[in-house]
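So this block is protein.txt, compact mmCIF, C-alpha atoms:
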```txt
# COMPACT_ATOMS: atom_id res chain seq x y z
CA SER Y 493 123.67 60.61 105.40
CA VAL Y 494 120.63 62.40 106.81
CA PRO Y 495 117.32 63.63 105.36
CA ALA Y 496 117.25 67.33 104.51
CA ASP Y 497 113.85 67.51 106.20
CA LEU Y 498 115.69 67.21 109.52
CA VAL Y 499 115.99 71.00 109.42
CA ASN Y 500 112.33 71.18 110.49
CA ALA Y 501 113.30 69.67 113.83
CA PHE Y 502 115.19 72.89 114.59
CA VAL Y 503 113.47 75.57 112.49
CA GLU Y 504 109.84 75.55 111.35
CA THR Y 505 110.20 76.24 107.63
CA GLY Y 506 106.69 75.35 106.48
CA LEU Y 507 108.34 73.25 103.75
CA GLU Y 508 108.96 69.54 103.24
CA PHE Y 509 112.16 68.17 101.69
CA ASP Y 510 112.77 64.67 100.36
CA GLN Y 511 116.46 65.16 99.50
CA LEU Y 512 119.32 63.45 101.36
CA LEU Y 513 122.40 65.21 102.68
CA SER Y 514 125.77 63.47 102.88
CA GLY Y 515 129.31 64.70 103.52
CA ASP Y 516 131.48 66.13 106.28
CA LEU Y 517 130.79 68.63 109.03
CA ASP Y 518 133.40 69.90 111.49
CA TRP Y 519 132.34 72.59 113.95
CA ARG Y 520 134.29 73.87 116.96
CA ARG Y 521 133.70 76.61 119.49
CA THR Y 522 136.51 78.09 121.57
CA LYS Y 523 136.34 79.16 125.19
CA GLN Y 524 136.28 82.73 123.92
CA GLY Y 525 133.00 81.94 122.13
CA LYS Y 526 134.35 82.01 118.58
CA SER Y 527 133.32 79.38 116.03
CA THR Y 528 135.56 77.61 113.55
CA GLY Y 529 134.55 74.91 111.15
CA ARG Y 530 133.97 73.64 107.66
CA VAL Y 531 131.09 72.06 105.80
CA ASP Y 532 131.35 69.95 102.64
CA VAL Y 533 127.92 68.53 101.86
CA ALA Y 534 126.25 67.04 98.79
CA MET Y 535 122.47 67.04 98.41
CA SER Y 536 120.68 64.48 96.27
CA GLY Y 537 118.05 65.54 93.77
CA GLY Y 538 114.51 65.74 95.03
CA ALA Y 539 111.51 67.99 95.62
CA VAL Y 540 110.66 70.85 97.94
CA SER Y 541 106.95 71.24 98.67
CA GLY Y 542 104.97 73.64 100.81
CA ARG Y 543 102.78 72.23 103.55
CA ALA Y 544 100.12 74.82 102.84
CA ARG Y 545 100.12 73.85 99.15
CA PRO Y 546 101.56 70.33 98.74
CA ASP Y 547 100.53 70.27 95.07
CA ARG Y 548 103.18 72.92 94.30
CA GLN Y 549 106.72 71.53 94.19
CA LEU Y 550 110.21 72.73 93.33
CA GLN Y 551 112.45 70.07 91.80
CA THR Y 552 116.17 70.26 92.58
CA GLY Y 553 119.11 68.39 91.06
CA ASN Y 554 122.24 67.07 92.76
CA ALA Y 555 123.60 70.05 94.69
CA THR Y 556 126.84 70.97 96.45
CA LEU Y 557 127.40 73.21 99.47
CA ARG Y 558 130.83 73.99 100.90
CA PHE Y 559 131.96 76.75 103.23
CA ARG Y 560 134.64 77.47 105.83
CA ILE Y 561 134.44 79.59 108.97
CA ASP Y 562 137.39 80.85 111.02
CA SER Y 563 136.91 82.90 114.20
CA ASN Y 564 133.28 83.65 113.33
CA SER Y 565 134.26 84.90 109.86
CA LEU Y 566 133.01 83.22 106.68
CA HIS Y 567 136.14 82.74 104.56
CA SER Y 568 135.00 80.65 101.61
CA GLY Y 569 131.86 79.22 100.13
CA VAL Y 570 130.51 77.27 97.19
CA LEU Y 571 126.87 76.71 96.28
CA ASP Y 572 125.84 74.81 93.17
CA LEU Y 573 122.08 74.24 92.98
CA PRO Y 574 120.69 73.02 89.63
CA LEU Y 575 116.95 73.36 89.05
CA PRO Y 576 116.01 70.85 86.32
CA GLY Y 577 114.06 72.48 83.54
CA LEU Y 578 114.39 75.93 85.14
CA GLY Y 579 118.07 76.82 85.37
CA GLN Y 580 120.60 77.00 88.19
CA ILE Y 581 122.00 78.99 91.07
CA GLU Y 582 125.78 79.15 91.51
CA ALA Y 583 127.81 81.11 94.05
CA ARG Y 584 131.52 81.03 94.84
CA PHE Y 585 133.80 83.22 96.93
CA ASP Y 586 137.16 82.85 98.62
CA VAL Y 587 139.33 84.67 101.15
CA ARG Y 588 143.01 83.88 101.46
CA ASP Y 589 145.86 84.94 103.73
CA VAL Y 590 143.53 86.31 106.37
CA ALA Y 591 144.86 89.46 108.00
CA GLY Y 592 143.87 90.44 111.49
CA ASP Y 593 142.97 94.00 110.48
CA GLY Y 594 140.28 92.87 108.01
CA SER Y 595 142.11 94.23 104.96
CA THR Y 596 142.37 90.86 103.22
CA ALA Y 597 140.81 90.89 99.77
CA ILE Y 598 137.72 88.84 99.02
CA ARG Y 599 136.79 87.56 95.57
CA GLY Y 600 133.71 85.77 94.31
CA ASP Y 601 130.76 85.68 91.97
CA VAL Y 602 127.08 84.73 91.92
CA ASP Y 603 125.28 83.49 88.81
CA ILE Y 604 121.51 82.96 88.79
CA ASP Y 605 119.61 81.95 85.67
CA ILE Y 606 116.00 80.83 86.16
CA ALA Y 607 113.59 80.49 83.25
CA ASP Y 608 110.46 80.69 85.43
CA ILE Y 609 110.14 81.71 89.09
CA ALA Y 610 106.82 79.87 89.50
CA PHE Y 611 108.44 77.84 92.30
CA ALA Y 612 108.13 80.97 94.47
CA GLU Y 613 104.55 79.86 95.13
CA THR Y 614 106.03 76.93 97.06
CA LEU Y 615 108.36 79.09 99.15
CA VAL Y 616 105.85 81.95 99.68
CA PRO Y 617 102.40 80.31 99.86
CA VAL Y 618 100.49 83.61 100.11
CA LEU Y 619 101.38 84.35 96.48
CA ASP Y 620 99.45 82.92 93.53
CA ASP Y 621 100.31 82.45 89.86
CA VAL Y 622 103.86 83.75 90.04
CA SER Y 623 105.88 83.74 86.83
CA GLY Y 624 108.81 85.48 85.17
CA ARG Y 625 112.42 85.09 84.05
CA LEU Y 626 115.07 85.90 86.66
CA ALA Y 627 118.73 86.48 85.93
CA ALA Y 628 121.55 87.79 88.10
CA GLU Y 629 125.26 88.30 87.60
CA LEU Y 630 127.00 89.56 90.72
CA VAL Y 631 130.65 90.09 91.64
CA ILE Y 632 131.93 90.02 95.22
CA ALA Y 633 135.00 92.19 95.84
CA GLY Y 634 136.55 94.46 98.43
CA SER Y 635 137.88 93.28 101.76
CA ILE Y 636 136.62 91.27 104.70
CA ALA Y 637 136.06 94.45 106.67
CA ASP Y 638 134.38 96.25 103.76
CA PRO Y 639 132.96 93.81 101.19
CA ALA Y 640 131.24 95.09 98.06
CA VAL Y 641 128.73 93.38 95.78
CA THR Y 642 128.22 94.80 92.30
CA GLY Y 643 126.23 93.57 89.34
CA GLN Y 644 122.74 93.35 87.96
CA ILE Y 645 119.50 91.50 88.75
CA THR Y 646 116.66 91.50 86.24
CA LEU Y 647 113.12 90.13 86.16
CA ALA Y 648 111.30 90.04 82.82
CA ASP Y 649 107.80 89.02 81.70
CA GLY Y 650 106.71 88.69 85.30
CA SER Y 651 103.27 88.31 86.80
CA ILE Y 652 101.96 87.86 90.31
CA SER Y 653 98.52 87.41 91.85
CA TYR Y 654 97.19 87.75 95.38
CA LEU Y 655 93.79 86.08 95.29
CA PRO Y 656 92.40 87.23 98.68
CA ILE Y 657 91.97 90.75 97.25
CA GLY Y 658 91.92 89.86 93.56
CA LEU Y 659 95.16 91.74 92.88
CA ARG Y 660 96.92 90.74 89.66
CA LEU Y 661 100.05 92.40 88.33
CA THR Y 662 101.22 91.56 84.81
CA GLU Y 663 104.00 92.69 82.48
CA VAL Y 664 106.23 93.06 85.54
CA THR Y 665 109.78 94.15 84.74
CA LEU Y 666 112.45 94.93 87.32
CA ASP Y 667 116.03 96.00 86.79
CA SER Y 668 118.27 96.17 89.85
CA GLN Y 669 121.74 97.64 89.99
CA LEU Y 670 124.02 96.77 92.92
CA GLU Y 671 126.72 99.38 93.27
CA GLY Y 672 128.68 97.95 96.19
CA ARG Y 673 128.69 98.68 99.92
CA GLY Y 674 125.04 97.75 100.15
CA GLU Y 675 123.84 100.32 97.62
CA VAL Y 676 120.95 99.07 95.50
CA GLU Y 677 118.77 100.88 92.99
CA MET Y 678 115.88 99.08 91.35
CA SER Y 679 113.40 100.39 88.82
CA GLY Y 680 110.54 98.68 87.07
CA SER Y 681 106.98 98.79 85.87
CA PHE Y 682 103.82 96.69 85.97
CA VAL Y 683 100.25 96.59 84.73
CA ALA Y 684 97.27 96.35 87.12
CA GLY Y 685 93.96 96.23 85.28
CA GLU Y 686 93.80 99.13 82.81
CA GLY Y 687 96.59 101.08 84.48
CA ARG Y 688 100.36 100.97 84.45
CA GLY Y 689 102.44 101.61 87.53
CA ARG Y 690 106.08 102.39 88.20
CA ILE Y 691 108.22 101.33 91.12
CA LEU Y 692 111.58 102.76 92.15
CA THR Y 693 113.58 101.36 95.06
CA ARG Y 694 116.77 102.65 96.60
CA ALA Y 695 118.66 101.13 99.52
CA ASN Y 696 121.61 102.47 101.49
CA GLY Y 697 122.43 105.00 98.78
CA ARG Y 698 123.91 108.34 99.72
CA ARG Y 699 120.64 110.07 98.87
CA THR Y 700 118.67 107.86 101.26
CA ALA Y 701 121.24 106.95 103.89
CA GLN Y 702 118.96 108.17 106.66
CA ARG Y 703 116.11 105.87 105.61
CA GLY Y 704 118.06 102.80 104.55
CA LEU Y 705 115.38 101.60 102.12
CA GLU Y 706 113.08 103.78 100.07
CA ILE Y 707 110.33 102.65 97.70
CA GLU Y 708 108.35 104.92 95.40
CA LEU Y 709 105.08 103.57 93.96
CA ARG Y 710 103.33 105.63 91.31
CA GLY Y 711 100.59 104.82 88.82
CA ASN Y 712 97.16 105.74 87.48
CA ASP Y 713 94.01 103.63 87.05
CA LEU Y 714 95.54 100.70 88.94
CA THR Y 715 93.06 97.94 89.77
CA LEU Y 716 94.22 97.08 93.30
CA ILE Y 717 91.15 95.14 94.51
CA ASP Y 718 88.94 93.06 92.23
CA LEU Y 719 86.44 90.82 94.03
CA PRO Y 720 82.75 90.04 93.46
CA ASP Y 721 81.75 92.34 96.33
CA LEU Y 722 84.53 94.94 96.12
CA ARG Y 723 86.38 96.50 93.23
CA ALA Y 724 88.63 99.53 93.54
CA VAL Y 725 90.73 101.48 91.05
CA ALA Y 726 93.34 103.86 92.43
CA ASN Y 727 95.86 106.48 91.47
CA THR Y 728 98.87 106.19 93.76
CA ASP Y 729 101.83 108.40 94.57
CA VAL Y 730 103.31 106.88 97.71
CA THR Y 731 106.80 106.75 99.20
CA VAL Y 732 107.75 104.11 101.78
CA GLY Y 733 110.99 104.35 103.77
CA PHE Y 734 112.39 101.80 106.20
CA ASP Y 735 115.52 102.08 108.35
CA GLY Y 736 115.23 98.75 110.16
CA LYS Y 737 113.27 100.15 113.11
CA SER Y 738 110.67 102.55 111.77
CA LEU Y 739 108.53 102.86 108.67
CA GLN Y 740 108.05 106.22 106.95
CA LEU Y 741 104.87 106.63 104.87
CA ASP Y 742 104.14 109.66 102.72
CA GLY Y 743 101.97 110.36 99.71
CA ARG Y 744 98.47 110.27 98.33
CA VAL Y 745 96.05 107.56 97.18
CA GLU Y 746 93.08 108.65 95.07
CA VAL Y 747 90.23 106.21 94.43
CA PRO Y 748 88.24 107.58 91.47
CA HIS Y 749 86.21 104.38 90.93
CA ALA Y 750 85.01 101.76 93.42
CA ARG Y 751 82.07 99.40 93.80
CA ILE Y 752 81.26 97.92 97.20
CA ARG Y 753 78.53 95.30 97.14
CA PRO Y 754 78.74 93.14 100.29
CA ARG Y 755 77.08 89.80 99.68
CA ASN Y 756 76.51 88.99 103.34
CA LEU Y 757 75.94 91.54 106.09
CA ASP Y 758 74.62 89.10 108.68
CA ILE Y 759 75.87 89.95 112.17
CA ASN Y 760 75.57 87.39 114.93
CA ARG Y 761 75.42 89.14 118.26
CA ILE Y 762 76.15 87.16 121.43
CA SER Y 763 75.29 88.70 124.80
CA GLU Y 764 74.72 87.52 128.33
CA SER Y 765 71.26 86.93 129.76
CA ASP Y 766 69.44 89.77 131.51
CA ASP Y 767 69.83 88.07 134.90
CA VAL Y 768 73.65 87.85 134.75
CA VAL Y 769 75.41 90.04 137.31
CA ILE Y 770 79.17 90.66 137.21
CA VAL Y 771 80.28 90.92 140.86
CA GLY Y 772 84.04 91.28 140.46
CA GLY Y 773 87.22 89.69 139.28
CA GLU Y 774 88.56 89.32 135.74
CA LEU Y 775 87.60 87.28 132.74
CA PRO Y 776 89.70 84.10 132.60
CA ASP Y 777 92.13 83.62 129.73
CA ASP Y 778 91.53 87.10 128.36
CA PRO Y 779 93.24 87.03 124.94
CA ALA Y 780 94.03 90.74 125.26
CA ALA Y 781 95.93 90.20 128.49
CA GLY Y 782 99.65 90.59 128.09
CA ARG Y 783 99.33 91.82 124.53
CA SER Y 784 101.79 94.54 123.63
CA GLU Y 785 102.12 96.79 120.62
CA ALA Y 786 104.49 95.75 117.89
CA ASP Y 787 107.97 97.17 118.05
CA LEU Y 788 107.67 98.69 114.58
CA LEU Y 789 107.15 102.44 114.61
CA ILE Y 790 105.37 104.27 111.78
CA ASN Y 791 105.75 107.94 110.88
CA GLY Y 792 104.40 110.13 108.09
CA SER Y 793 101.02 110.78 106.50
CA VAL Y 794 98.98 109.47 103.58
CA GLU Y 795 95.95 111.20 102.11
CA VAL Y 796 93.14 108.90 100.93
CA ALA Y 797 90.72 110.66 98.59
CA LEU Y 798 87.49 109.15 97.21
CA GLY Y 799 86.25 110.41 93.83
CA ASN Y 800 82.76 110.87 92.44
CA ASP Y 801 82.30 107.24 91.40
CA VAL Y 802 82.68 105.38 94.69
CA VAL Y 803 79.40 103.49 95.25
CA VAL Y 804 78.29 101.44 98.24
CA ASP Y 805 75.39 99.17 97.25
CA ILE Y 806 73.73 97.00 99.91
CA ASP Y 807 70.25 95.60 100.33
CA VAL Y 808 68.97 98.56 102.34
CA ALA Y 809 70.99 101.38 100.81
CA GLU Y 810 72.71 102.67 97.70
CA THR Y 811 75.04 105.54 98.36
CA THR Y 812 78.03 107.40 96.95
CA VAL Y 813 80.95 108.39 99.16
CA THR Y 814 83.28 111.30 98.36
CA GLY Y 815 85.84 113.30 100.26
CA SER Y 816 89.35 113.15 101.57
CA THR Y 817 91.09 112.26 104.83
CA VAL Y 818 94.74 112.47 105.86
CA PHE Y 819 95.96 109.57 108.00
CA SER Y 820 99.03 110.49 110.07
CA TRP Y 821 101.36 108.25 112.06
CA ASN Y 822 103.67 109.35 114.84
CA GLY Y 823 104.85 106.06 116.32
CA PRO Y 824 101.74 103.98 117.15
CA LEU Y 825 100.32 101.64 114.51
CA MET Y 826 96.87 103.26 114.68
CA PRO Y 827 97.03 106.59 112.81
CA ARG Y 828 95.18 109.77 113.61
CA ALA Y 829 92.85 111.03 110.93
CA ASN Y 830 91.84 114.50 109.83
CA GLY Y 831 89.20 114.98 107.15
CA ARG Y 832 85.75 113.84 106.14
CA TYR Y 833 83.81 111.70 103.69
CA ILE Y 834 80.37 112.79 102.44
CA VAL Y 835 77.62 110.17 102.01
CA LYS Y 836 74.74 110.69 99.55
CA GLY Y 837 72.00 108.39 98.33
CA GLU Y 838 68.97 106.47 99.57
CA ILE Y 839 68.26 103.94 102.30
CA LEU Y 840 65.32 101.76 103.25
CA ALA Y 841 63.97 102.04 106.79
CA TYR Y 842 60.64 100.90 108.25
CA GLY Y 843 59.51 99.89 104.76
CA GLN Y 844 60.07 103.37 103.38
CA LYS Y 845 62.63 104.73 100.93
CA LEU Y 846 64.43 107.63 102.55
CA GLU Y 847 66.79 110.13 100.96
CA ILE Y 848 69.99 110.97 102.80
CA SER Y 849 69.75 114.68 103.45
CA GLU Y 850 72.84 114.84 105.62
CA GLY Y 851 75.59 112.25 105.60
CA ALA Y 852 79.11 112.61 106.92
CA VAL Y 853 81.90 110.43 108.26
CA ARG Y 854 84.15 112.96 110.01
CA PHE Y 855 87.65 112.58 111.38
CA PRO Y 856 88.34 115.74 113.41
CA ASP Y 857 91.91 114.77 114.34
CA VAL Y 858 90.80 111.53 116.05
CA PRO Y 859 92.10 107.94 115.94
CA ALA Y 860 91.25 106.43 112.57
CA ASN Y 861 89.10 103.72 114.18
CA ASP Y 862 86.89 106.27 116.00
CA PRO Y 863 85.22 108.58 113.44
CA TYR Y 864 82.16 110.76 114.06
CA LEU Y 865 79.13 109.54 112.12
CA ARG Y 866 76.11 111.67 111.25
CA ILE Y 867 73.65 110.14 108.78
CA ARG Y 868 70.20 111.73 108.41
CA ALA Y 869 67.66 110.21 106.01
CA GLU Y 870 64.08 111.36 105.55
CA ARG Y 871 61.14 111.66 103.20
CA GLU Y 872 58.37 114.15 102.67
CA ILE Y 873 54.97 113.52 104.27
CA PHE Y 874 51.99 114.54 102.15
CA GLY Y 875 48.52 115.29 103.50
CA ASN Y 876 49.66 115.98 107.07
CA THR Y 877 49.88 119.58 108.19
CA GLN Y 878 51.60 118.65 111.45
CA VAL Y 879 54.43 116.55 110.05
CA ARG Y 880 56.09 117.59 106.82
CA ARG Y 881 59.14 115.26 106.94
CA ALA Y 882 59.98 112.08 108.80
CA GLY Y 883 62.97 109.76 108.87
CA VAL Y 884 65.89 108.42 110.87
CA LEU Y 885 69.08 109.94 112.28
```
Spit out the file's structure as structure tokens when you get a sec.
Amino acid sequence: SVPADLVNAFVETGLEFDQLLSGDLDWRRTKQGKSTGRVDVAMSGGAVSGRARPDRQLQTGNATLRFRIDSNSLHSGVLDLPLPGLGQIEARFDVRDVAGDGSTAIRGDVDIDIADIAFAETLVPVLDDVSGRLAAELVIAGSIADPAVTGQITLADGSISYLPIGLRLTEVTLDSQLEGRGEVEMSGSFVAGEGRGRILTRANGRRTAQRGLEIELRGNDLTLIDLPDLRAVANTDVTVGFDGKSLQLDGRVEVPHARIRPRNLDINRISESDDVVIVGGELPDDPAAGRSEADLLINGSVEVALGNDVVVDIDVAETTVTGSTVFSWNGPLMPRANGRYIVKGEILAYGQKLEISEGAVRFPDVPANDPYLRIRAEREIFGNTQVRRAGVL
């Protein structure tokens, strides 16, 4: 009899468990490196809580876990996990008369019935206010060498929030069809602000075999960011593909309405004294030393267009920003950009209100973090024949 929380001694889960595990475990490894064993464990009822949010808990009932492994192959399994007040998760499968060529038939089923998935906030602490009814009926068939899972997974009356950007999706519905051999097709819809979006996902289907996973996200007037200092409404038509190694991005995002009102633009600059002289060597403990790019590769292009109602309002300026830029990836995480945004409006400088007569943020096929900026603001000078206009560039 051991505490379930012992798992954190081997794997950092970010969760705390107060259940107890009891039963039998038999695990053997041959000289050839193959594992054989069986597990028959009962878990007492208890709570699962997240360390980041200890106030959120998932209550579990008395559970059962059994499985058998022979020569690195999983041959049978049973999972019975009741969730008091929410539903249950059950899974069973069995393989008999194992044949060496992998042709032995496999049979099983999975039944999931959860009245409210709010416990997901415990398992995924970055999510807020998760809700919805989840149901799944799956059948496991085929052979050991070529198993197939068919059935249906549905989510109804769902909602999800991500507070750091004020994103809230409501009326979320998802309907997933598993067609065997890893083929999945999921469709659904959601509401974000005043707009309704649609999502379509395909995985390992014949139409998308080269990408592995493909997600289409379409919708109009979607409120994607809603914060006191930033609110953005977007029309999206984006396709995301993933094959396990690289990410494919294609599509267009149009932002017809946005309000940017930063509440705090204070910048603390730290610099060395004038009498400091660097004579040689390297900075100690440079955090950039040894840093390598992520292994994930990104390909494709996404156009980001700003409409006529995108306003930047700060203490010293009120401007509108329009235009379009295409961001293109060809491996590295930082895309190249081609396009421009036009800036119009007024700024305050030297106690004077100046009108922007020329304002552009240009991306002439350069890295997206290195645009060309040209902002010219000026005002007319009256009563001076030598100077007609003055301002800043």
Query raised in the report: Y:Arg753, Y:Arg828, Y:Arg521, Y:Arg543: which is nearest Pro617 (chain Y), counting all atoms listed in the file?
Result: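 Among the listed residues, Y:Arg543 lies closest to Pro617 (chain Y).
Here CA of Gly506 (chain Y) and CA of Val533 (chain Y) stand 22.8 Å from one another.
Here CA of Gly837 (chain Y) and CA of Asp807 (chain Y) stand 13.1 Å from one another.
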Query - Test item: residues at most 9 Å from Leu659 (chain Y), only C-alpha atoms, excluding those fewer than 4 positions along its chain, as a list in words - result: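 Non-adjacent residues within range: Ile652, Ser653, Tyr654, Leu655, Ala684, Gly685, Thr715, Leu716, Ile717, Asp718 and Leu719 of chain Y.
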With C-alpha atoms retained, export the selected residues as an mmCIF file, keeping the file's coordinate frame.
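Produced file result.cif, reproduced below:
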```cif
data_model
loop_
_atom_site.group_PDB
_atom_site.id
_atom_site.type_symbol
_atom_site.label_atom_id
_atom_site.label_comp_id
_atom_site.auth_asym_id
_atom_site.auth_seq_id
_atom_site.Cartn_x
_atom_site.Cartn_y
_atom_site.Cartn_z
ATOM 1 C CA ILE Y 652 101.960 87.860 90.310
ATOM 2 C CA SER Y 653 98.520 87.410 91.850
ATOM 3 C CA TYR Y 654 97.190 87.750 95.380
ATOM 4 C CA LEU Y 655 93.790 86.080 95.290
ATOM 5 C CA ALA Y 684 97.270 96.350 87.120
ATOM 6 C CA GLY Y 685 93.960 96.230 85.280
ATOM 7 C CA THR Y 715 93.060 97.940 89.770
ATOM 8 C CA LEU Y 716 94.220 97.080 93.300
ATOM 9 C CA ILE Y 717 91.150 95.140 94.510
ATOM 10 C CA ASP Y 718 88.940 93.060 92.230
ATOM 11 C CA LEU Y 719 86.440 90.820 94.030
#
```
Requested in this report: Give me the residues within 6 Å of Val747 (chain Y) as a PyMOL selection string, counting all atoms listed in the file and dropping any in the same chain fewer than 6 places off.
Outcome: chain Y and resi 725-726+798-799
Just the residues within 8 Å of Pro639 (chain Y), please, counting all atoms listed in the file, with nothing from its chain fewer than 4 positions along; format it as a CSV table (one decimal) with C-alpha atoms, in the coordinates of the input.
```csv
chain,number,residue,atom,x,y,z
Y,598,ILE,CA,137.7,88.8,99.0
Y,632,ILE,CA,131.9,90.0,95.2
Y,633,ALA,CA,135.0,92.2,95.8
Y,634,GLY,CA,136.6,94.5,98.4
Y,635,SER,CA,137.9,93.3,101.8
Y,672,GLY,CA,128.7,98.0,96.2
Y,673,ARG,CA,128.7,98.7,99.9
```
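With only C-alpha atoms as the atoms that count, the minimum distance from Phe819 (chain Y) to the choices Y:Asp601, Y:Glu795, Y:Asp562, Y:Asp801 is reached by Y:Glu795.
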Report task. Rank nothing, just name the residue among Y:Leu722, Y:Arg881, Y:Gly529, Y:Val818 nearest to Ile657 (chain Y), using all atoms listed in the file. Result ->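 Closest to Ile657 (chain Y) of all the choices is Y:Leu722.
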Query - Nearest to Asp547 (chain Y) by atom-to-atom distance, counting all atoms listed in the file, from Y:Thr877, Y:Thr614, Y:Asn800, Y:Ser623 - result: Y:Thr614
**Report entry** Distance in Å - CA of Val641 (chain Y) versus CA of Arg584 (chain Y)
**Finding:**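 It comes out at 12.7 Å.
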Box time for region 798-809 of chain Y: axis-aligned, enclosing all its listed atoms, 6 Å extra on each side; report centre and edge lengths in Å to one decimal, as JSON.
```
{"center_x": 78.2, "center_y": 103.2, "center_z": 96.9, "size_x": 30.5, "size_y": 27.3, "size_z": 22.9}
```
Requested in this report: Extract, using all atoms listed in the file, all DNA, RNA and protein residues at most 6 Å from Ile707 (chain Y), discarding same-chain residues fewer than 3 positions from it, and format them as a PyMOL selection string.
Outcome: chain Y and resi 692-693+731-732
Report task. Excluding region 508-520 of chain Y and residues on its chain fewer than 2 positions from it, collect all residues at most 9 Å away from it, counting only C-alpha atoms, and give them as a PyMOL selection string. Result -> chain Y and resi 493-498+500+505-506+522+526-543+546+552+561
Generate the output file for the selected residues, C-alpha atoms, as a PDB file, keeping the file's coordinate frame.
```
ATOM      1  CA  SER Y 493     123.670  60.610 105.400  1.00  0.00           C
ATOM      2  CA  VAL Y 494     120.630  62.400 106.810  1.00  0.00           C
ATOM      3  CA  PRO Y 495     117.320  63.630 105.360  1.00  0.00           C
ATOM      4  CA  ALA Y 496     117.250  67.330 104.510  1.00  0.00           C
ATOM      5  CA  ASP Y 497     113.850  67.510 106.200  1.00  0.00           C
ATOM      6  CA  LEU Y 498     115.690  67.210 109.520  1.00  0.00           C
ATOM      7  CA  ASN Y 500     112.330  71.180 110.490  1.00  0.00           C
ATOM      8  CA  THR Y 505     110.200  76.240 107.630  1.00  0.00           C
ATOM      9  CA  GLY Y 506     106.690  75.350 106.480  1.00  0.00           C
ATOM     10  CA  THR Y 522     136.510  78.090 121.570  1.00  0.00           C
ATOM     11  CA  LYS Y 526     134.350  82.010 118.580  1.00  0.00           C
ATOM     12  CA  SER Y 527     133.320  79.380 116.030  1.00  0.00           C
ATOM     13  CA  THR Y 528     135.560  77.610 113.550  1.00  0.00           C
ATOM     14  CA  GLY Y 529     134.550  74.910 111.150  1.00  0.00           C
ATOM     15  CA  ARG Y 530     133.970  73.640 107.660  1.00  0.00           C
ATOM     16  CA  VAL Y 531     131.090  72.060 105.800  1.00  0.00           C
ATOM     17  CA  ASP Y 532     131.350  69.950 102.640  1.00  0.00           C
ATOM     18  CA  VAL Y 533     127.920  68.530 101.860  1.00  0.00           C
ATOM     19  CA  ALA Y 534     126.250  67.040  98.790  1.00  0.00           C
ATOM     20  CA  MET Y 535     122.470  67.040  98.410  1.00  0.00           C
ATOM     21  CA  SER Y 536     120.680  64.480  96.270  1.00  0.00           C
ATOM     22  CA  GLY Y 537     118.050  65.540  93.770  1.00  0.00           C
ATOM     23  CA  GLY Y 538     114.510  65.740  95.030  1.00  0.00           C
ATOM     24  CA  ALA Y 539     111.510  67.990  95.620  1.00  0.00           C
ATOM     25  CA  VAL Y 540     110.660  70.850  97.940  1.00  0.00           C
ATOM     26  CA  SER Y 541     106.950  71.240  98.670  1.00  0.00           C
ATOM     27  CA  GLY Y 542     104.970  73.640 100.810  1.00  0.00           C
ATOM     28  CA  ARG Y 543     102.780  72.230 103.550  1.00  0.00           C
ATOM     29  CA  PRO Y 546     101.560  70.330  98.740  1.00  0.00           C
ATOM     30  CA  THR Y 552     116.170  70.260  92.580  1.00  0.00           C
ATOM     31  CA  ILE Y 561     134.440  79.590 108.970  1.00  0.00           C
TER      32      ILE Y 561
END
```
Report task. Kindly indicate which residue among Y:Val618, Y:Ala597, Y:Gly743, Y:Pro824 lies nearest to Asp638 (chain Y), using only C-alpha atoms for the distances. Result ->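 Among the listed residues, the smallest separation from Asp638 (chain Y) belongs to Y:Ala597.
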Report summary line: Between Y:Thr642, Y:Ile636, Y:Leu788, Y:Leu507, smallest distance to Leu566 (chain Y) by all atoms listed in the file belongs to Y:Ile636
Test item: which residues lie within 10 Å of (97.1, 103.4, 95.2) counting all atoms listed in the file, as a tab-separated table (two decimals) with C-alpha atoms, in the frame of the given file:
```tsv
chain	number	residue	atom	x	y	z
Y	689	GLY	CA	102.44	101.61	87.53
Y	709	LEU	CA	105.08	103.57	93.96
Y	710	ARG	CA	103.33	105.63	91.31
Y	711	GLY	CA	100.59	104.82	88.82
Y	712	ASN	CA	97.16	105.74	87.48
Y	713	ASP	CA	94.01	103.63	87.05
Y	714	LEU	CA	95.54	100.70	88.94
Y	715	THR	CA	93.06	97.94	89.77
Y	716	LEU	CA	94.22	97.08	93.30
Y	724	ALA	CA	88.63	99.53	93.54
Y	725	VAL	CA	90.73	101.48	91.05
Y	726	ALA	CA	93.34	103.86	92.43
Y	727	ASN	CA	95.86	106.48	91.47
Y	728	THR	CA	98.87	106.19	93.76
Y	729	ASP	CA	101.83	108.40	94.57
Y	730	VAL	CA	103.31	106.88	97.71
Y	743	GLY	CA	101.97	110.36	99.71
Y	744	ARG	CA	98.47	110.27	98.33
Y	745	VAL	CA	96.05	107.56	97.18
Y	746	GLU	CA	93.08	108.65	95.07
Y	747	VAL	CA	90.23	106.21	94.43
Y	796	VAL	CA	93.14	108.90	100.93
```
